[in-house]
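Enquirer: What follows is run07.csv; its format and atoms are CSV, C-alpha atoms (C1' of nucleotides).
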```csv
chain,number,residue,atom,x,y,z
Q,1,MET,CA,117.4,128.7,84.1
Q,2,THR,CA,115.4,125.9,82.6
Q,3,GLU,CA,116.2,122.2,82.7
Q,4,PRO,CA,118.7,121.4,79.9
Q,5,ARG,CA,117.6,119.1,77.0
Q,6,TRP,CA,119.9,116.2,77.8
Q,7,LEU,CA,120.9,113.8,75.0
Q,8,SER,CA,119.2,110.5,74.6
Q,9,ASP,CA,121.3,107.3,74.6
Q,10,ASP,CA,121.4,107.2,70.9
Q,11,GLU,CA,122.3,110.8,70.6
Q,12,ARG,CA,125.0,110.4,73.3
Q,13,LEU,CA,126.6,107.5,71.4
Q,14,ALA,CA,126.4,109.4,68.1
Q,15,TRP,CA,128.0,112.4,69.9
Q,16,LEU,CA,130.8,110.4,71.5
Q,17,ARG,CA,131.6,108.8,68.1
Q,18,LEU,CA,131.6,112.1,66.3
Q,19,VAL,CA,133.9,113.7,68.9
Q,20,ALA,CA,136.2,110.7,68.6
Q,21,VAL,CA,136.3,111.1,64.8
Q,22,THR,CA,137.0,114.9,65.1
Q,23,MET,CA,139.9,114.1,67.4
Q,24,LEU,CA,141.4,111.2,65.5
Q,25,LEU,CA,141.0,112.2,61.9
Q,26,PRO,CA,143.1,115.4,62.2
Q,27,SER,CA,145.9,113.6,64.0
Q,28,ARG,CA,145.9,110.9,61.3
Q,29,LEU,CA,146.2,113.4,58.5
Q,30,GLU,CA,148.7,115.5,60.5
Q,31,ALA,CA,150.9,112.5,61.1
Q,32,GLU,CA,150.9,111.3,57.4
Q,33,LEU,CA,151.6,114.7,56.0
Q,34,LYS,CA,154.4,115.4,58.5
Q,35,ARG,CA,156.0,112.1,57.8
Q,36,ASP,CA,155.7,112.1,54.0
Q,37,ALA,CA,155.8,115.8,53.2
Q,38,GLY,CA,157.2,117.6,56.2
Q,39,LEU,CA,154.1,119.8,56.3
Q,40,SER,CA,151.4,120.4,58.9
Q,41,HIS,CA,147.9,119.8,57.6
Q,42,PHE,CA,147.2,123.5,57.8
Q,43,GLU,CA,150.2,124.3,55.7
Q,44,TYR,CA,149.2,121.6,53.2
Q,45,TYR,CA,145.7,123.0,53.1
Q,46,VAL,CA,147.0,126.5,52.5
Q,47,LEU,CA,149.1,125.4,49.6
Q,48,ALA,CA,146.3,123.3,48.2
Q,49,MET,CA,143.8,126.2,48.3
Q,50,ILE,CA,146.2,128.5,46.5
Q,51,SER,CA,147.1,125.8,44.0
Q,52,GLU,CA,143.4,125.4,43.1
Q,53,SER,CA,142.9,129.1,42.5
Q,54,PRO,CA,142.8,130.5,38.9
Q,55,GLN,CA,146.3,132.0,38.8
Q,56,LYS,CA,147.7,129.9,41.6
Q,57,GLN,CA,147.4,133.0,43.8
Q,58,LEU,CA,145.0,134.2,46.4
Q,59,LEU,CA,144.3,137.2,48.6
Q,60,LEU,CA,145.3,136.6,52.2
Q,61,THR,CA,141.8,137.6,53.4
Q,62,GLU,CA,140.2,135.1,51.0
Q,63,LEU,CA,142.7,132.5,52.0
Q,64,ALA,CA,142.0,133.1,55.7
Q,65,SER,CA,138.3,132.7,55.0
Q,66,ARG,CA,138.7,129.4,53.1
Q,67,THR,CA,141.0,127.9,55.7
Q,68,ASN,CA,138.9,129.2,58.7
Q,69,SER,CA,142.0,130.9,59.9
Q,70,SER,CA,142.6,134.2,61.6
Q,71,LEU,CA,144.7,136.7,59.6
Q,72,SER,CA,147.2,136.6,62.4
Q,73,ARG,CA,147.7,132.8,62.1
Q,74,LEU,CA,147.8,133.0,58.4
Q,75,SER,CA,150.4,135.8,58.5
Q,76,HIS,CA,152.7,133.7,60.6
Q,77,VAL,CA,152.2,130.6,58.4
Q,78,ILE,CA,152.6,132.5,55.2
Q,79,GLY,CA,155.8,133.9,56.6
Q,80,ARG,CA,157.1,130.4,57.2
Q,81,LEU,CA,156.0,129.0,53.8
Q,82,GLU,CA,157.6,132.0,52.1
Q,83,GLY,CA,160.8,131.3,54.1
Q,84,ALA,CA,160.7,127.7,52.9
Q,85,GLY,CA,160.4,129.0,49.3
Q,86,PHE,CA,156.9,127.6,48.6
Q,87,LEU,CA,155.3,130.9,47.9
Q,88,THR,CA,155.8,134.6,47.5
Q,89,ARG,CA,153.9,137.5,48.8
Q,90,PHE,CA,153.2,140.8,47.0
Q,91,PRO,CA,150.8,143.7,47.4
Q,92,SER,CA,147.6,143.8,45.4
Q,93,PRO,CA,147.7,146.2,42.5
Q,94,VAL,CA,144.1,147.3,43.1
Q,95,ASP,CA,144.1,147.6,46.9
Q,96,GLY,CA,147.2,148.9,48.7
Q,97,ARG,CA,146.2,147.2,52.0
Q,98,ALA,CA,145.8,143.8,50.5
Q,99,SER,CA,148.5,141.1,49.9
Q,100,ILE,CA,148.5,138.3,47.5
Q,101,ALA,CA,150.1,134.9,48.1
Q,102,ALA,CA,151.3,133.1,45.0
Q,103,LEU,CA,152.8,129.6,44.7
Q,104,THR,CA,156.3,129.4,43.5
Q,105,ASP,CA,157.4,126.5,41.2
Q,106,ALA,CA,158.8,124.8,44.3
Q,107,GLY,CA,155.5,125.2,46.0
Q,108,TRP,CA,153.6,123.7,43.1
Q,109,GLU,CA,156.0,120.8,42.9
Q,110,LYS,CA,155.6,120.3,46.7
Q,111,ILE,CA,151.9,119.9,46.5
Q,112,VAL,CA,152.0,117.8,43.3
Q,113,ALA,CA,154.4,115.5,45.2
Q,114,SER,CA,152.4,115.4,48.4
Q,115,ALA,CA,148.9,115.1,47.0
Q,116,PRO,CA,148.9,111.5,46.0
Q,117,GLY,CA,150.0,110.2,49.4
Q,118,HIS,CA,147.6,112.5,51.1
Q,119,VAL,CA,144.7,111.4,48.9
Q,120,GLU,CA,145.6,107.8,49.5
Q,121,GLU,CA,145.5,108.3,53.2
Q,122,VAL,CA,142.1,110.0,52.9
Q,123,ARG,CA,140.8,107.0,50.9
Q,124,GLU,CA,142.1,104.6,53.5
Q,125,VAL,CA,140.6,106.3,56.5
Q,126,VAL,CA,137.4,107.7,55.1
Q,127,PHE,CA,136.2,106.3,51.8
Q,128,ASP,CA,137.3,102.7,51.8
Q,129,PRO,CA,135.5,101.9,55.1
Q,130,LEU,CA,132.3,103.4,53.8
Q,131,THR,CA,129.8,102.3,51.3
Q,132,SER,CA,129.0,104.7,48.5
Q,133,ARG,CA,125.6,105.1,50.0
Q,134,GLN,CA,127.2,106.2,53.3
Q,135,VAL,CA,129.5,108.6,51.5
Q,136,ALA,CA,126.4,110.3,50.0
Q,137,GLN,CA,124.8,110.4,53.4
Q,138,LEU,CA,127.9,111.8,55.0
Q,139,SER,CA,128.2,114.5,52.4
Q,140,GLU,CA,124.5,115.4,52.9
Q,141,ILE,CA,124.9,115.5,56.7
Q,142,CYS,CA,128.1,117.6,56.6
Q,143,GLY,CA,126.4,120.0,54.2
Q,144,GLN,CA,123.6,120.3,56.7
Q,145,LEU,CA,125.9,120.9,59.6
Q,146,LEU,CA,127.8,123.5,57.6
Q,147,SER,CA,124.6,125.6,57.1
Q,148,THR,CA,124.8,126.2,60.9
Q,149,LEU,CA,128.6,126.2,61.3
Q,150,ASP,CA,129.4,128.2,58.2
Q,151,PRO,CA,126.3,129.9,57.0
Q,152,GLU,CA,128.2,132.1,54.5
Q,153,HIS,CA,129.9,129.1,53.0
Q,154,HIS,CA,133.3,130.6,53.4
Q,155,LEU,CA,135.1,127.3,53.6
Q,156,LEU,CA,133.8,125.9,50.4
Q,157,GLY,CA,135.1,128.9,48.5
Q,158,LEU,CA,131.8,130.7,47.8
Q,159,GLY,CA,132.7,133.6,50.0
J,1,MET,CA,154.8,104.3,42.1
J,2,THR,CA,151.3,103.7,40.6
J,3,GLU,CA,148.8,106.3,39.5
J,4,PRO,CA,146.9,107.5,42.6
J,5,ARG,CA,143.2,106.8,43.0
J,6,TRP,CA,142.0,110.3,42.7
J,7,LEU,CA,138.7,111.3,44.3
J,8,SER,CA,135.5,111.5,42.2
J,9,ASP,CA,133.6,114.8,42.2
J,10,ASP,CA,131.1,113.5,44.7
J,11,GLU,CA,133.9,112.2,47.0
J,12,ARG,CA,135.7,115.5,46.7
J,13,LEU,CA,132.7,117.4,47.8
J,14,ALA,CA,132.1,115.0,50.7
J,15,TRP,CA,135.7,115.4,51.6
J,16,LEU,CA,135.7,119.2,51.6
J,17,ARG,CA,132.6,119.2,53.7
J,18,LEU,CA,134.0,116.8,56.2
J,19,VAL,CA,137.2,118.7,56.5
J,20,ALA,CA,135.2,121.9,57.0
J,21,VAL,CA,133.2,120.3,59.7
J,22,THR,CA,136.3,118.9,61.5
J,23,MET,CA,137.8,122.4,61.4
J,24,LEU,CA,134.7,124.4,62.5
J,25,LEU,CA,133.1,122.1,65.0
J,26,PRO,CA,136.1,122.1,67.4
J,27,SER,CA,136.4,125.9,67.3
J,28,ARG,CA,132.7,126.2,68.0
J,29,LEU,CA,132.9,124.0,71.1
J,30,GLU,CA,136.2,125.6,72.2
J,31,ALA,CA,134.7,129.1,72.0
J,32,GLU,CA,131.5,128.2,74.0
J,33,LEU,CA,133.4,126.4,76.7
J,34,LYS,CA,136.0,129.1,77.0
J,35,ARG,CA,133.3,131.8,77.2
J,36,ASP,CA,130.9,130.0,79.6
J,37,ALA,CA,133.2,127.8,81.7
J,38,GLY,CA,136.7,129.2,81.2
J,39,LEU,CA,137.8,125.7,80.1
J,40,SER,CA,139.4,124.4,76.9
J,41,HIS,CA,137.5,121.6,75.2
J,42,PHE,CA,140.3,119.3,76.1
J,43,GLU,CA,140.1,120.3,79.8
J,44,TYR,CA,136.4,119.9,79.8
J,45,TYR,CA,136.7,116.5,78.2
J,46,VAL,CA,139.3,115.4,80.8
J,47,LEU,CA,137.0,116.4,83.6
J,48,ALA,CA,134.0,114.8,81.9
J,49,MET,CA,135.8,111.5,81.4
J,50,ILE,CA,136.9,111.4,85.1
J,51,SER,CA,133.4,112.3,86.3
J,52,GLU,CA,131.9,109.4,84.4
J,53,SER,CA,134.2,106.9,85.9
J,54,PRO,CA,133.2,104.6,88.8
J,55,GLN,CA,134.9,106.4,91.7
J,56,LYS,CA,135.3,109.7,89.8
J,57,GLN,CA,138.9,108.8,89.4
J,58,LEU,CA,141.0,107.4,86.6
J,59,LEU,CA,144.5,106.2,85.9
J,60,LEU,CA,146.4,108.7,83.8
J,61,THR,CA,147.3,106.1,81.2
J,62,GLU,CA,143.6,105.2,80.9
J,63,LEU,CA,142.7,108.9,80.7
J,64,ALA,CA,145.3,109.5,78.0
J,65,SER,CA,143.9,106.6,76.0
J,66,ARG,CA,140.3,107.9,76.3
J,67,THR,CA,141.2,111.4,75.4
J,68,ASN,CA,143.6,110.5,72.6
J,69,SER,CA,146.3,112.4,74.4
J,70,SER,CA,150.0,111.9,74.9
J,71,LEU,CA,151.0,111.3,78.5
J,72,SER,CA,153.1,114.4,78.3
J,73,ARG,CA,150.2,116.6,77.2
J,74,LEU,CA,148.0,115.0,79.9
J,75,SER,CA,150.7,115.5,82.5
J,76,HIS,CA,150.8,119.3,81.8
J,77,VAL,CA,147.0,119.6,81.7
J,78,ILE,CA,146.5,117.6,84.9
J,79,GLY,CA,149.0,119.8,86.6
J,80,ARG,CA,147.0,122.9,85.6
J,81,LEU,CA,143.7,121.4,86.6
J,82,GLU,CA,145.2,120.3,89.9
J,83,GLY,CA,146.5,123.9,90.4
J,84,ALA,CA,143.0,125.2,89.7
J,85,GLY,CA,141.7,122.8,92.4
J,86,PHE,CA,139.5,120.7,90.1
J,87,LEU,CA,141.3,117.4,90.8
J,88,THR,CA,144.0,115.8,92.8
J,89,ARG,CA,146.7,113.4,91.9
J,90,PHE,CA,147.9,110.4,94.0
J,91,PRO,CA,150.0,107.3,93.3
J,92,SER,CA,148.2,104.0,92.6
J,93,PRO,CA,148.3,101.7,95.6
J,94,VAL,CA,148.8,98.7,93.3
J,95,ASP,CA,151.4,100.1,90.9
J,96,GLY,CA,154.1,102.4,92.1
J,97,ARG,CA,154.6,103.9,88.7
J,98,ALA,CA,151.0,104.8,88.0
J,99,SER,CA,149.1,107.9,89.1
J,100,ILE,CA,145.4,108.4,89.6
J,101,ALA,CA,143.6,111.6,89.0
J,102,ALA,CA,140.5,112.1,91.1
J,103,LEU,CA,137.9,114.9,90.9
J,104,THR,CA,137.6,117.2,93.8
J,105,ASP,CA,134.2,118.6,94.9
J,106,ALA,CA,135.1,121.8,93.1
J,107,GLY,CA,135.8,119.8,89.9
J,108,TRP,CA,132.5,118.0,90.2
J,109,GLU,CA,130.7,121.2,90.6
J,110,LYS,CA,132.6,122.7,87.7
J,111,ILE,CA,131.4,120.1,85.3
J,112,VAL,CA,127.9,120.0,86.7
J,113,ALA,CA,127.7,123.7,86.1
J,114,SER,CA,129.3,123.6,82.6
J,115,ALA,CA,127.6,120.5,81.2
J,116,PRO,CA,124.1,122.1,80.4
J,117,GLY,CA,125.5,124.9,78.4
J,118,HIS,CA,127.8,122.5,76.5
J,119,VAL,CA,125.1,120.1,75.8
J,120,GLU,CA,122.9,122.9,74.6
J,121,GLU,CA,125.6,124.0,72.2
J,122,VAL,CA,126.0,120.5,70.9
J,123,ARG,CA,122.3,120.3,70.3
J,124,GLU,CA,122.3,123.6,68.4
J,125,VAL,CA,125.2,122.8,66.1
J,126,VAL,CA,124.7,119.0,65.6
J,127,PHE,CA,121.4,117.5,66.5
J,128,ASP,CA,118.9,120.3,65.8
J,129,PRO,CA,120.1,120.7,62.1
J,130,LEU,CA,119.7,116.9,61.5
J,131,THR,CA,116.7,114.6,61.2
J,132,SER,CA,116.7,111.7,63.6
J,133,ARG,CA,117.3,109.5,60.5
J,134,GLN,CA,120.4,111.4,59.8
J,135,VAL,CA,121.6,111.2,63.4
J,136,ALA,CA,121.3,107.4,63.1
J,137,GLN,CA,123.3,107.5,59.8
J,138,LEU,CA,125.9,109.7,61.3
J,139,SER,CA,126.4,107.5,64.3
J,140,GLU,CA,126.7,104.4,62.0
J,141,ILE,CA,129.2,106.2,59.7
J,142,CYS,CA,131.3,107.4,62.6
J,143,GLY,CA,131.3,104.0,64.1
J,144,GLN,CA,132.5,102.6,60.8
J,145,LEU,CA,135.3,105.2,60.6
J,146,LEU,CA,136.4,104.5,64.1
J,147,SER,CA,137.0,100.9,63.3
J,148,THR,CA,139.9,102.1,61.2
J,149,LEU,CA,140.9,105.2,63.2
J,150,ASP,CA,140.6,103.5,66.6
J,151,PRO,CA,140.5,99.7,66.1
J,152,GLU,CA,141.0,99.1,69.8
J,153,HIS,CA,138.2,101.4,70.8
J,154,HIS,CA,140.3,103.4,73.2
J,155,LEU,CA,138.2,106.5,72.9
J,156,LEU,CA,134.9,104.9,73.7
J,157,GLY,CA,136.3,103.6,76.9
J,158,LEU,CA,136.5,99.9,76.1
J,159,GLY,CA,140.3,99.9,76.2
N,1,DG,C1',167.7,86.8,91.4
N,2,DG,C1',169.8,90.2,88.7
N,3,DG,C1',170.5,92.7,84.5
N,4,DA,C1',167.8,94.2,80.4
N,5,DT,C1',163.5,95.9,78.8
N,6,DT,C1',159.1,97.9,79.2
N,7,DT,C1',155.8,100.8,81.3
N,8,DA,C1',154.2,105.1,83.6
N,9,DC,C1',154.9,109.1,84.1
N,10,DT,C1',157.7,114.1,84.6
N,11,DT,C1',160.3,117.9,83.0
N,12,DG,C1',162.4,121.4,79.9
N,13,DA,C1',162.9,123.5,75.5
N,14,DA,C1',161.0,124.7,71.1
N,15,DG,C1',157.3,125.8,68.0
N,16,DC,C1',152.7,127.0,66.7
N,17,DG,C1',148.3,129.5,67.5
N,18,DA,C1',145.3,133.0,70.0
N,19,DC,C1',144.9,137.5,71.5
N,20,DA,C1',145.9,142.3,71.7
N,21,DA,C1',148.1,146.2,70.0
N,22,DC,C1',149.6,148.4,66.1
N,23,DT,C1',150.2,150.5,61.1
N,24,DA,C1',148.5,151.7,56.9
N,25,DA,C1',145.2,152.1,53.3
N,26,DA,C1',140.4,152.5,51.8
N,27,DT,C1',135.6,154.0,52.6
N,28,DG,C1',131.7,156.7,54.4
N,29,DG,C1',129.4,160.6,56.1
N,30,DT,C1',128.8,165.4,56.1
E,1,DA,C1',137.8,168.0,51.5
E,2,DC,C1',138.1,166.0,56.1
E,3,DC,C1',137.7,163.3,59.9
E,4,DA,C1',135.9,158.8,61.7
E,5,DT,C1',135.4,154.2,60.8
E,6,DT,C1',136.3,150.0,58.6
E,7,DT,C1',139.3,146.8,56.3
E,8,DA,C1',143.9,144.3,55.6
E,9,DG,C1',147.7,142.8,57.4
E,10,DT,C1',151.8,142.6,60.8
E,11,DT,C1',154.1,142.0,65.1
E,12,DG,C1',155.0,140.6,69.9
E,13,DT,C1',153.6,138.0,73.9
E,14,DC,C1',151.6,134.3,76.3
E,15,DG,C1',149.9,129.7,76.8
E,16,DC,C1',149.5,125.2,75.2
E,17,DT,C1',151.2,121.0,72.6
E,18,DT,C1',154.9,118.4,70.9
E,19,DC,C1',159.2,116.3,71.2
E,20,DA,C1',163.3,114.6,73.4
E,21,DA,C1',165.3,113.3,77.5
E,22,DG,C1',165.1,111.6,82.0
E,23,DT,C1',163.5,109.0,86.4
E,24,DA,C1',161.6,105.3,88.7
E,25,DA,C1',159.0,101.3,89.2
E,26,DA,C1',157.4,96.9,87.4
E,27,DT,C1',158.3,92.9,84.4
E,28,DC,C1',160.9,89.6,81.6
E,29,DC,C1',164.0,86.1,81.0
E,30,DC,C1',167.4,83.4,81.4
```
Any chance you could give the structure as structure tokens?
Expert:
Amino acid sequence: MTEPRWLSDDERLAWLRLVAVTMLLPSRLEAELKRDAGLSHFEYYVLAMISESPQKQLLLTELASRTNSSLSRLSHVIGRLEGAGFLTRFPSPVDGRASIAALTDAGWEKIVASAPGHVEEVREVVFDPLTSRQVAQLSEICGQLLSTLDPEHHLLGLG
Amino acid sequence: MTEPRWLSDDERLAWLRLVAVTMLLPSRLEAELKRDAGLSHFEYYVLAMISESPQKQLLLTELASRTNSSLSRLSHVIGRLEGAGFLTRFPSPVDGRASIAALTDAGWEKIVASAPGHVEEVREVVFDPLTSRQVAQLSEICGQLLSTLDPEHHLLGLG
DNA sequence: GGGATTTACTTGAAGCGACAACTAAATGGT
DNA sequence: ACCATTTAGTTGTCGCTTCAAGTAAATCCC
């Protein structure tokens, strides 16, 4: 066992800040969506992903990939969202194993109603505090990190 | 209700990437720590925060603040870590309501044993993919975001 | 100095996610 | 064609987090 490559002071500060952001940002979004829309961030994200798909419908496997979710988790959540009337589930016509989740009208209305508040929150906590130069840097940096964290680009919908 | 300020294409991409990172990074750390140390990231973080304190002990309220945790959550987790023998809990001598969590020798050994692997993982997924220039930018950006997300600087231990 | 409020936790119940076990349909090899 | 494997999804259980309620000590404020 070799001596670990410890972090420098600068790296350590960067790391503490990044950890703090990854802890606080999700709670912030979670709280806003829960308050204003009664949805968890994950539920919102699921609805948003479906709503942005061609026919407002998506294979569960594809959805799991884009939301970084296990199929198990997705299955539970889809069950709840279906119970709430925001989407329906039906078997794929081309593959008997696969299921497709499709937004209902109520589901579409839900995300149309929730999106503005959510986007406003995102602006407040992410874009407003940064210069446009920093936004470009952040985008570049996150893209770089994703090449390690998500080499197949599942989460950006290219999977 | 006014027209929402939608995101530009560049902002949208930056946002999707940032969300992806905040989803993937925690799972990565979680998995490594669970595998190599049998700890959740939160448990590790709690032990790490205590270990970096003056007497290797910390008030629960202070700990909750630094870990962005509710007191309830912390109370449960401290109970488990105490059960595992990594720390002990005793009442504050100066405030009868307050409790202090202190690392045991086993707890200290635990984080000493776990830290190198964790740091190595952090290097692999965060610092190795970035240039030192980008690390500086990231640190700056996160610092900027924290002034909104955590104006009191609770998480960086200045609260 | 004594009642009202605030602070610092603890506890129990409920809900969500991770994991393992399962079903069923498609694919691959021979 | 047939059996083994892989893929797609469901279900049940356990553990952890959140939320609501409760306890007890400190503080506030006449």
Enquirer: Please, which residues in chain Q fall within 7 Å of chain N when counting only C-alpha atoms (C1' of nucleotides), and what is the closest atom pair and distance in Å to one decimal for each, ordered by chain then residue number, as JSON lines?
Expert:
```
{"residue": "Q:Arg73", "atom": "CA", "partner": "N:DG17", "partner_atom": "C1'", "distance": 6.4}
{"residue": "Q:Gly96", "atom": "CA", "partner": "N:DA25", "partner_atom": "C1'", "distance": 5.9}
{"residue": "Q:Arg97", "atom": "CA", "partner": "N:DA25", "partner_atom": "C1'", "distance": 5.2}
```
Enquirer: So how far away is CA of Asp36 in chain J from CA of Ser114 in chain J, in Å?
Expert: 7.2 Å
Enquirer: Between CA of Ser139 in chain Q and CA of Arg17 in chain J, what is the distance, to one decimal in Å?
Expert: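 For CA of Ser139 in chain Q relative to CA of Arg17 in chain J, the distance reads 6.6 Å.
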Enquirer: Let me make sure I understand: among E:DT11, E:DA20, E:DC29, E:DC3, which one has the smallest atom-to-atom distance to chain Q if we use all atoms listed in the file?
Expert: E:DT11
Enquirer: Kindly extract all protein, DNA and RNA residues lying within 10 Å of the coordinates (148.9, 127.6, 77.1) given in the file, considering only C-alpha atoms (C1' of nucleotides), and supply them as a list in words.
Expert: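 Using only C-alpha atoms (C1' of nucleotides), the matching residues come out as His76, Val77 and Arg80 of chain J; DG17 and DA18 of chain N; DC14, DG15, DC16 and DT17 of chain E.
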Enquirer: Kindly provide, as a VMD selection string, the residues of chain E having any atom no farther than 8 Å from an atom of chain J, counting only C-alpha atoms (C1' of nucleotides).
Expert: chain E and resid 17 24 to 26
Enquirer: Quick one: pull the distance between CA of Pro129 in chain Q and CA of Arg5 in chain J, Å, one decimal.
Expert: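 Separation between CA of Pro129 in chain Q and CA of Arg5 in chain J: 15.2 Å.
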Enquirer: Do me a favour and pick out the residues of chain J within 8 Å of chain Q, using only C-alpha atoms, as a PDB file with C-alpha atoms, in the coordinates of the input.
Expert:
```pdb
ATOM      1  CA  PRO J   4     146.900 107.500  42.600  1.00  0.00           C
ATOM      2  CA  ARG J   5     143.200 106.800  43.000  1.00  0.00           C
ATOM      3  CA  TRP J   6     142.000 110.300  42.700  1.00  0.00           C
ATOM      4  CA  LEU J   7     138.700 111.300  44.300  1.00  0.00           C
ATOM      5  CA  ASP J  10     131.100 113.500  44.700  1.00  0.00           C
ATOM      6  CA  GLU J  11     133.900 112.200  47.000  1.00  0.00           C
ATOM      7  CA  LEU J  13     132.700 117.400  47.800  1.00  0.00           C
ATOM      8  CA  ALA J  14     132.100 115.000  50.700  1.00  0.00           C
ATOM      9  CA  TRP J  15     135.700 115.400  51.600  1.00  0.00           C
ATOM     10  CA  LEU J  16     135.700 119.200  51.600  1.00  0.00           C
ATOM     11  CA  ARG J  17     132.600 119.200  53.700  1.00  0.00           C
ATOM     12  CA  LEU J  18     134.000 116.800  56.200  1.00  0.00           C
ATOM     13  CA  ALA J  20     135.200 121.900  57.000  1.00  0.00           C
ATOM     14  CA  VAL J  21     133.200 120.300  59.700  1.00  0.00           C
ATOM     15  CA  THR J  22     136.300 118.900  61.500  1.00  0.00           C
ATOM     16  CA  MET J  23     137.800 122.400  61.400  1.00  0.00           C
ATOM     17  CA  LEU J  24     134.700 124.400  62.500  1.00  0.00           C
ATOM     18  CA  LEU J  25     133.100 122.100  65.000  1.00  0.00           C
ATOM     19  CA  PRO J  26     136.100 122.100  67.400  1.00  0.00           C
ATOM     20  CA  ARG J  28     132.700 126.200  68.000  1.00  0.00           C
ATOM     21  CA  ASN J  68     143.600 110.500  72.600  1.00  0.00           C
ATOM     22  CA  PRO J 116     124.100 122.100  80.400  1.00  0.00           C
ATOM     23  CA  GLY J 117     125.500 124.900  78.400  1.00  0.00           C
ATOM     24  CA  VAL J 119     125.100 120.100  75.800  1.00  0.00           C
ATOM     25  CA  GLU J 120     122.900 122.900  74.600  1.00  0.00           C
ATOM     26  CA  VAL J 125     125.200 122.800  66.100  1.00  0.00           C
ATOM     27  CA  VAL J 126     124.700 119.000  65.600  1.00  0.00           C
ATOM     28  CA  PHE J 127     121.400 117.500  66.500  1.00  0.00           C
ATOM     29  CA  PRO J 129     120.100 120.700  62.100  1.00  0.00           C
ATOM     30  CA  LEU J 130     119.700 116.900  61.500  1.00  0.00           C
ATOM     31  CA  GLN J 134     120.400 111.400  59.800  1.00  0.00           C
ATOM     32  CA  VAL J 135     121.600 111.200  63.400  1.00  0.00           C
ATOM     33  CA  ALA J 136     121.300 107.400  63.100  1.00  0.00           C
ATOM     34  CA  GLN J 137     123.300 107.500  59.800  1.00  0.00           C
ATOM     35  CA  LEU J 138     125.900 109.700  61.300  1.00  0.00           C
ATOM     36  CA  SER J 139     126.400 107.500  64.300  1.00  0.00           C
ATOM     37  CA  GLU J 140     126.700 104.400  62.000  1.00  0.00           C
ATOM     38  CA  ILE J 141     129.200 106.200  59.700  1.00  0.00           C
ATOM     39  CA  CYS J 142     131.300 107.400  62.600  1.00  0.00           C
ATOM     40  CA  GLY J 143     131.300 104.000  64.100  1.00  0.00           C
ATOM     41  CA  GLN J 144     132.500 102.600  60.800  1.00  0.00           C
ATOM     42  CA  LEU J 145     135.300 105.200  60.600  1.00  0.00           C
ATOM     43  CA  LEU J 146     136.400 104.500  64.100  1.00  0.00           C
ATOM     44  CA  THR J 148     139.900 102.100  61.200  1.00  0.00           C
ATOM     45  CA  LEU J 149     140.900 105.200  63.200  1.00  0.00           C
ATOM     46  CA  ASP J 150     140.600 103.500  66.600  1.00  0.00           C
ATOM     47  CA  LEU J 155     138.200 106.500  72.900  1.00  0.00           C
ATOM     48  CA  LEU J 156     134.900 104.900  73.700  1.00  0.00           C
TER      49      LEU J 156
END
```
Enquirer: Identify, on the basis of only C-alpha atoms (C1' of nucleotides), every residue whose closest approach to range 45-58 of chain J does not exceed 8 Å; exclude the query and any residue fewer than 6 positions from it along the same chain; express the result as a list of chain:residue names.
Expert: J:Arg66, J:Thr67, J:Ile100, J:Ala101, J:Ala102, J:Leu103, J:Gly107, J:Trp108, J:Ile111
